[in-house]
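Asker: One file is attached below, model.txt, containing compact mmCIF, C-alpha atoms.
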# COMPACT_ATOMS: atom_id res chain seq x y z
CA MET Z 23 -83.89 59.15 -75.93
CA SER Z 24 -81.99 61.73 -73.91
CA ILE Z 25 -78.20 61.92 -74.15
CA LEU Z 26 -76.29 61.99 -70.86
CA THR Z 27 -73.33 64.35 -70.72
CA THR Z 28 -70.71 64.51 -68.00
CA GLY Z 29 -68.47 67.36 -69.11
CA PRO Z 30 -65.41 67.50 -71.35
CA ASP Z 31 -63.76 64.17 -72.10
CA VAL Z 32 -60.35 65.25 -70.78
CA ARG Z 33 -58.83 63.72 -67.66
CA ASP Z 34 -55.75 64.16 -65.56
CA VAL Z 35 -53.80 60.98 -66.20
CA SER Z 36 -50.36 62.37 -65.46
CA ASP Z 37 -49.52 59.33 -63.29
CA ALA Z 38 -50.78 56.78 -65.80
CA PRO Z 39 -48.23 53.95 -66.07
CA ASP Z 40 -47.03 52.63 -69.41
CA PHE Z 41 -47.37 48.87 -69.03
CA ALA Z 42 -46.89 47.83 -72.68
CA ASP Z 43 -43.73 45.86 -71.82
CA ALA Z 44 -45.17 43.97 -68.85
CA ALA Z 45 -44.30 40.29 -69.16
CA ASP Z 46 -46.39 38.58 -66.47
CA PRO Z 47 -50.06 39.28 -65.67
CA PHE Z 48 -49.82 38.11 -62.06
CA ALA Z 49 -46.91 40.47 -61.35
CA LEU Z 50 -48.66 43.39 -63.04
CA PHE Z 51 -51.90 42.68 -61.19
CA GLU Z 52 -50.11 42.58 -57.85
CA GLN Z 53 -48.51 45.96 -58.64
CA TRP Z 54 -51.87 47.49 -59.58
CA PHE Z 55 -53.59 45.90 -56.58
CA ALA Z 56 -50.97 47.42 -54.25
CA ASP Z 57 -51.68 50.82 -55.82
CA ALA Z 58 -55.42 50.30 -55.35
CA THR Z 59 -54.96 49.22 -51.74
CA SER Z 60 -53.20 52.49 -50.94
CA ARG Z 61 -55.44 54.81 -52.98
CA GLU Z 62 -58.90 53.35 -53.57
CA ILE Z 63 -61.39 54.72 -51.02
CA ASN Z 64 -63.55 51.64 -50.50
CA ASP Z 65 -62.94 47.91 -50.91
CA PRO Z 66 -59.99 47.73 -53.33
CA ASN Z 67 -60.56 43.95 -53.38
CA ALA Z 68 -64.14 44.29 -54.68
CA MET Z 69 -64.69 42.57 -58.03
CA ALA Z 70 -67.65 41.84 -60.25
CA LEU Z 71 -68.21 38.11 -60.75
CA ALA Z 72 -70.08 37.00 -63.89
CA THR Z 73 -71.57 33.55 -64.38
CA ALA Z 74 -74.34 32.03 -66.51
CA ASP Z 75 -77.28 29.84 -65.56
CA ALA Z 76 -78.39 26.63 -67.28
CA ASP Z 77 -80.19 28.64 -69.99
CA GLY Z 78 -77.15 30.79 -70.70
CA MET Z 79 -78.68 33.84 -69.00
CA PRO Z 80 -75.83 35.83 -67.41
CA ASN Z 81 -75.64 36.89 -63.79
CA VAL Z 82 -73.23 39.40 -62.27
CA ARG Z 83 -72.65 40.48 -58.68
CA MET Z 84 -69.94 41.99 -56.50
CA VAL Z 85 -67.76 39.74 -54.35
CA LEU Z 86 -64.48 40.27 -52.49
CA LEU Z 87 -61.12 38.87 -53.53
CA LYS Z 88 -59.70 36.99 -50.55
CA GLY Z 89 -56.64 35.36 -52.04
CA LEU Z 90 -54.30 35.61 -55.02
CA ASP Z 91 -51.74 32.93 -55.70
CA GLY Z 92 -49.63 33.31 -58.79
CA CYS Z 93 -47.22 31.21 -60.76
CA GLU Z 94 -44.94 30.57 -57.79
CA ARG Z 95 -47.50 28.03 -56.52
CA GLY Z 96 -48.22 26.35 -59.83
CA PRO Z 97 -49.95 27.28 -63.09
CA GLU Z 98 -53.40 26.24 -61.89
CA ARG Z 99 -53.59 28.94 -59.21
CA GLY Z 100 -55.63 32.12 -59.40
CA PHE Z 101 -58.12 34.50 -57.79
CA VAL Z 102 -59.92 33.20 -54.69
CA PHE Z 103 -63.21 34.18 -53.04
CA TYR Z 104 -65.60 32.46 -50.65
CA THR Z 105 -69.36 31.97 -50.63
CA ASN Z 106 -72.31 29.71 -49.92
CA VAL Z 107 -71.94 27.00 -52.56
CA GLU Z 108 -75.72 26.47 -52.58
CA SER Z 109 -76.36 30.09 -53.60
CA ALA Z 110 -77.16 31.09 -57.18
CA LYS Z 111 -73.54 31.94 -57.91
CA GLY Z 112 -72.29 28.79 -56.19
CA SER Z 113 -74.64 26.59 -58.20
CA GLU Z 114 -73.69 28.29 -61.48
CA LEU Z 115 -69.98 28.06 -60.73
CA LEU Z 116 -70.21 24.36 -59.92
CA ALA Z 117 -72.27 23.63 -63.02
CA GLY Z 118 -70.38 25.70 -65.57
CA ARG Z 119 -66.86 25.76 -64.10
CA LYS Z 120 -66.19 29.05 -65.93
CA ALA Z 121 -66.41 32.66 -64.77
CA ALA Z 122 -65.36 36.22 -65.51
CA LEU Z 123 -64.11 38.84 -63.06
CA LEU Z 124 -63.81 42.61 -63.31
CA PHE Z 125 -61.88 44.94 -61.05
CA HIS Z 126 -62.69 48.64 -61.49
CA TRP Z 127 -60.57 51.04 -59.48
CA LYS Z 128 -62.23 54.36 -60.17
CA SER Z 129 -59.71 56.40 -58.19
CA LEU Z 130 -56.90 55.01 -60.35
CA ARG Z 131 -58.91 54.96 -63.60
CA ARG Z 132 -57.91 51.35 -64.14
CA GLN Z 133 -59.71 48.09 -64.85
CA VAL Z 134 -58.64 44.47 -64.98
CA ARG Z 135 -60.82 41.90 -66.77
CA ILE Z 136 -60.29 38.19 -66.14
CA ARG Z 137 -61.83 35.08 -67.71
CA GLY Z 138 -60.99 31.56 -66.72
CA THR Z 139 -61.86 28.18 -65.31
CA VAL Z 140 -63.27 27.55 -61.84
CA SER Z 141 -62.25 25.07 -59.16
CA THR Z 142 -63.01 24.78 -55.48
CA THR Z 143 -60.44 25.48 -52.80
CA SER Z 144 -59.25 22.73 -50.48
CA ASP Z 145 -61.08 22.14 -47.19
CA ALA Z 146 -57.98 23.34 -45.35
CA GLU Z 147 -57.96 26.65 -47.23
CA ALA Z 148 -61.67 27.18 -46.61
CA ASP Z 149 -61.32 26.27 -42.92
CA ASP Z 150 -58.42 28.69 -42.45
CA TYR Z 151 -60.24 31.58 -44.05
CA PHE Z 152 -63.54 30.85 -42.28
CA ALA Z 153 -61.75 30.87 -38.91
CA SER Z 154 -60.33 34.32 -39.71
CA ARG Z 155 -63.77 35.89 -40.22
CA ALA Z 156 -65.56 37.95 -37.60
CA ARG Z 157 -67.74 35.86 -35.31
CA GLY Z 158 -70.90 37.56 -36.58
CA SER Z 159 -69.97 36.68 -40.15
CA ARG Z 160 -69.43 33.04 -39.19
CA ILE Z 161 -72.85 32.98 -37.56
CA GLY Z 162 -74.36 34.59 -40.66
CA ALA Z 163 -72.87 31.90 -42.90
CA TRP Z 164 -74.89 29.32 -40.97
CA ALA Z 165 -78.06 31.39 -40.69
CA SER Z 166 -78.45 32.60 -44.28
CA LEU Z 167 -79.99 30.37 -46.95
CA GLN Z 168 -78.32 32.54 -49.52
CA SER Z 169 -80.29 33.38 -52.71
CA ARG Z 170 -83.39 31.54 -51.54
CA ALA Z 171 -86.75 33.16 -50.80
CA LEU Z 172 -86.98 34.96 -47.45
CA LYS Z 173 -90.49 35.31 -45.98
CA ASN Z 174 -89.52 38.27 -43.80
CA ARG Z 175 -86.58 39.73 -41.89
CA THR Z 176 -87.82 38.16 -38.67
CA ALA Z 177 -87.09 34.69 -40.04
CA LEU Z 178 -83.46 35.63 -40.68
CA GLU Z 179 -83.08 37.23 -37.26
CA ALA Z 180 -84.54 34.11 -35.64
CA ALA Z 181 -82.02 31.93 -37.47
CA VAL Z 182 -79.18 34.18 -36.29
CA ALA Z 183 -80.43 33.95 -32.71
CA GLU Z 184 -80.69 30.15 -32.93
CA ILE Z 185 -77.15 29.75 -34.27
CA THR Z 186 -75.80 32.20 -31.68
CA ALA Z 187 -77.40 30.17 -28.89
CA ARG Z 188 -76.25 26.87 -30.38
CA TYR Z 189 -72.55 27.74 -30.31
CA GLY Z 190 -72.52 30.13 -27.35
CA ASP Z 191 -68.94 31.21 -26.68
CA GLY Z 192 -67.49 28.11 -28.29
CA PRO Z 193 -65.85 27.66 -31.70
CA ILE Z 194 -68.02 27.93 -34.79
CA PRO Z 195 -67.14 25.32 -37.45
CA ARG Z 196 -67.31 26.03 -41.16
CA PRO Z 197 -70.70 25.05 -42.60
CA PRO Z 198 -70.57 22.19 -45.13
CA HIS Z 199 -72.32 24.47 -47.66
CA TRP Z 200 -69.71 27.24 -47.40
CA SER Z 201 -66.39 27.11 -49.23
CA GLY Z 202 -64.08 28.87 -51.66
CA PHE Z 203 -63.74 29.13 -55.41
CA ARG Z 204 -60.63 29.81 -57.43
CA VAL Z 205 -60.75 31.39 -60.90
CA THR Z 206 -57.67 30.28 -62.82
CA PRO Z 207 -57.22 32.89 -65.56
CA LEU Z 208 -56.93 32.16 -69.25
CA ASP Z 209 -57.46 35.81 -70.28
CA VAL Z 210 -56.31 38.84 -68.29
CA GLU Z 211 -56.81 42.31 -69.78
CA PHE Z 212 -55.38 45.48 -68.24
CA TRP Z 213 -57.02 48.82 -69.07
CA HIS Z 214 -55.96 52.34 -68.16
CA ASP Z 215 -57.84 55.53 -68.91
CA ARG Z 216 -56.27 57.93 -71.41
CA PRO Z 217 -57.49 61.31 -72.71
CA PHE Z 218 -60.13 61.38 -75.45
CA ARG Z 219 -60.90 57.67 -74.88
CA LEU Z 220 -57.59 56.59 -76.41
CA HIS Z 221 -57.15 54.15 -73.56
CA GLN Z 222 -54.26 51.74 -73.14
CA ARG Z 223 -55.18 48.04 -73.17
CA LEU Z 224 -53.00 44.98 -72.85
CA LEU Z 225 -54.32 41.41 -73.14
CA PHE Z 226 -52.57 38.31 -71.78
CA ARG Z 227 -53.97 35.03 -73.09
CA ARG Z 228 -53.19 31.32 -72.85
CA SER Z 229 -55.05 28.24 -74.05
CA ARG Z 230 -54.61 26.26 -70.83
CA ALA Z 231 -53.31 26.92 -67.34
CA ASP Z 232 -50.10 24.99 -68.06
CA THR Z 233 -49.16 26.94 -71.21
CA ASP Z 234 -47.27 30.21 -71.67
CA TRP Z 235 -48.95 33.58 -71.93
CA SER Z 236 -49.18 35.52 -75.19
CA ARG Z 237 -49.32 39.31 -74.98
CA THR Z 238 -51.27 41.62 -77.30
CA GLY Z 239 -51.92 45.35 -77.24
CA LEU Z 240 -55.51 46.25 -78.14
CA TYR Z 241 -57.10 49.27 -79.75
CA PRO Z 242 -59.20 51.24 -77.24
What would the structure in this file look like if it were written as structure tokens?
Answerer:
Amino acid sequence: MSILTTGPDVRDVSDAPDFADAADPFALFEQWFADATSREINDPNAMALATADADGMPNVRMVLLKGLDGCERGPERGFVFYTNVESAKGSELLAGRKAALLFHWKSLRRQVRIRGTVSTTSDAEADDYFASRARGSRIGAWASLQSRALKNRTALEAAVAEITARYGDGPIPRPPHWSGFRVTPLDVEFWHDRPFRLHQRLLFRRSRADTDWSRTGLYP
């Protein structure tokens, strides 16, 4: 086996924040997300979503965070994204009702890991977000049988053309198979790169969404 090397393990982390005294994971996340929004080159709201199928085999894919509602709206709130609920991830989320998320902001040398329970958004929330999407994306939500076998690209293009003709210039309603999921966190871990892999880690944990957070520093 060959060993991959990437140069000396020394990094410029002069702007690394000390977050050991942070008291609330939602507030700290919002601070880090604001930093990422101003400095990350592409998609600061991109996050890896991990689920498991009926056999316990894990799946992971990238999705986009589209909403964050913290403690001001109740303890059950969390991290929101939208998808086809009949897709592989939708089916696994509905069956298991648990998920993990990972944000990796390479430009900031920071990560946030989240584990928690899953619920669906309200119809009103899903309708509002769907209406805000580009028209082409709304058409695509109808045309794509997400995660299912596609015979060829022509079949997808034909479905797009059919949906486009069906709605013309009129409003495009939200498909019944398209909605949002909310991950309500039970664990939130913040990680920041430090020289020589002596990284800073801080874990917030609670047993249920209606209980207080505990806070623990972790070895790198």
Asker: Quick one: residues within 8 Å of range 221-234 of chain Z, only C-alpha atoms, excluding same-chain residues fewer than 6 positions away - as a PyMOL selection string?
Answerer: chain Z and resi 41-42+47+97-98+206-215+240-242
Asker: Put those residues in a file: C-alpha atoms, as a compact mmCIF listing (two decimals), in the frame of the given file.
Answerer:
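File written: out01.txt
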# COMPACT_ATOMS: atom_id res chain seq x y z
CA PHE Z 41 -47.37 48.87 -69.03
CA ALA Z 42 -46.89 47.83 -72.68
CA PRO Z 47 -50.06 39.28 -65.67
CA PRO Z 97 -49.95 27.28 -63.09
CA GLU Z 98 -53.40 26.24 -61.89
CA THR Z 206 -57.67 30.28 -62.82
CA PRO Z 207 -57.22 32.89 -65.56
CA LEU Z 208 -56.93 32.16 -69.25
CA ASP Z 209 -57.46 35.81 -70.28
CA VAL Z 210 -56.31 38.84 -68.29
CA GLU Z 211 -56.81 42.31 -69.78
CA PHE Z 212 -55.38 45.48 -68.24
CA TRP Z 213 -57.02 48.82 -69.07
CA HIS Z 214 -55.96 52.34 -68.16
CA ASP Z 215 -57.84 55.53 -68.91
CA LEU Z 240 -55.51 46.25 -78.14
CA TYR Z 241 -57.10 49.27 -79.75
CA PRO Z 242 -59.20 51.24 -77.24
Asker: Of the residues Z:Thr186, Z:Tyr104, Z:Asp77, Z:Pro217, which is the one nearest to Ser144 in chain Z, using only C-alpha atoms?
Answerer: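 Smallest distance to Ser144 in chain Z is found for Z:Tyr104.
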Asker: Find the residues with any atom within 7 Å of (-74.8, 28.0, -37.8); use only C-alpha atoms and the coordinates as given in the file, and write the answer as a VMD selection string.
Answerer: chain Z and resid 161 163 to 165 185 197
Asker: Considering only C-alpha atoms, tabulate each residue of range 83-161 of chain Z that lies at most 10 Å from range 53-56 of chain Z along with its nearest interatomic pair and the corresponding distance in Å to one decimal; arrange the rows by chain and ascending residue number and present them as CSV.
Answerer:
residue,atom,partner,partner_atom,distance
Z:Phe125,CA,Z:Phe55,CA,9.5
Z:Trp127,CA,Z:Phe55,CA,9.1
Z:Leu130,CA,Z:Trp54,CA,9.1
Z:Arg132,CA,Z:Trp54,CA,8.5
Z:Gln133,CA,Z:Trp54,CA,9.5
Z:Val134,CA,Z:Trp54,CA,9.2
Asker: Kindly save the residues from that selection, with C-alpha atoms included, as a JSON list (two decimals), in the frame of the given file.
Answerer:
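The file below, part17.json, is the result:
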[["chain", "number", "residue", "atom", "x", "y", "z"],
["Z", 125, "PHE", "CA", -61.88, 44.94, -61.05],
["Z", 127, "TRP", "CA", -60.57, 51.04, -59.48],
["Z", 130, "LEU", "CA", -56.90, 55.01, -60.35],
["Z", 132, "ARG", "CA", -57.91, 51.35, -64.14],
["Z", 133, "GLN", "CA", -59.71, 48.09, -64.85],
["Z", 134, "VAL", "CA", -58.64, 44.47, -64.98]]
Asker: Applying 9 Å and all atoms listed in the file, which residues near Tyr151 in chain Z remain after dropping the ones on its own chain fewer than 4 positions away? List them as a ChimeraX atom specification.
Answerer: /Z:88,104,146-147,155,202
Asker: Identify which of the residues Z:Ser154, Z:Ser236, Z:Asn67, Z:Ser201 lies closest to Val107 in chain Z, counting all atoms listed in the file when measuring atom-to-atom distances.
Answerer: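 Residue with the minimum atom-to-atom distance to Val107 in chain Z: Z:Ser201.
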Asker: For the interface of range 75-150 of chain Z with range 167-178 of chain Z (cut-off 8 Å, counting all atoms listed in the file), please tabulate each contacting residue of range 75-150 of chain Z alongside its nearest pair of atoms and their separation in Å to one decimal, rows sorted by chain and increasing number, as a Markdown table.
Answerer:
| residue | atom | partner | partner_atom | distance |
| --- | --- | --- | --- | --- |
| Z:Asn106 | CA | Z:Gln168 | CA | 6.7 |
| Z:Glu108 | CA | Z:Gln168 | CA | 7.3 |
| Z:Ser109 | CA | Z:Gln168 | CA | 5.1 |
| Z:Ala110 | CA | Z:Ser169 | CA | 5.9 |
Asker: Provide the CA of Ser141 in chain Z to CA of Arg204 in chain Z distance in Å, to one decimal place.
Answerer: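 These two atoms are separated by 5.3 Å.
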Asker: Pick out the closest residue to Phe48 in chain Z from this set: Z:Tyr189, Z:Arg99, Z:Leu220, Z:Glu114. Count all atoms listed in the file.
Answerer: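 Smallest distance to Phe48 in chain Z is found for Z:Arg99.
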Asker: In Å, with one decimal, what is the gap from CA of Phe103 in chain Z to CA of Val205 in chain Z?
Answerer: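 CA of Val205 in chain Z lies at a distance of 8.7 Å from CA of Phe103 in chain Z.
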Asker: Have a look at Z:Pro39, Z:Gly100, Z:Gly162, Z:Pro80 and name the one nearest to Ala180 in chain Z; count all atoms listed in the file.
Answerer: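 The answer is Z:Gly162, which sits nearest to Ala180 in chain Z.
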Asker: Under the rule that all atoms listed in the file are counted, which of Z:Arg61, Z:Arg160, Z:His126, Z:Arg216 is the nearest residue to Asp40 in chain Z?
Answerer: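 Using all atoms listed in the file, Asp40 in chain Z sits closest to Z:Arg216.
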Asker: Point out the residue among Z:Lys111, Z:Asp57, Z:Gly118, Z:Asp46 with the least atom-to-atom distance to Ala76 in chain Z, counting only C-alpha atoms.
Answerer: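 Ranking Z:Lys111, Z:Asp57, Z:Gly118, Z:Asp46 by distance to Ala76 in chain Z, first place goes to Z:Gly118.
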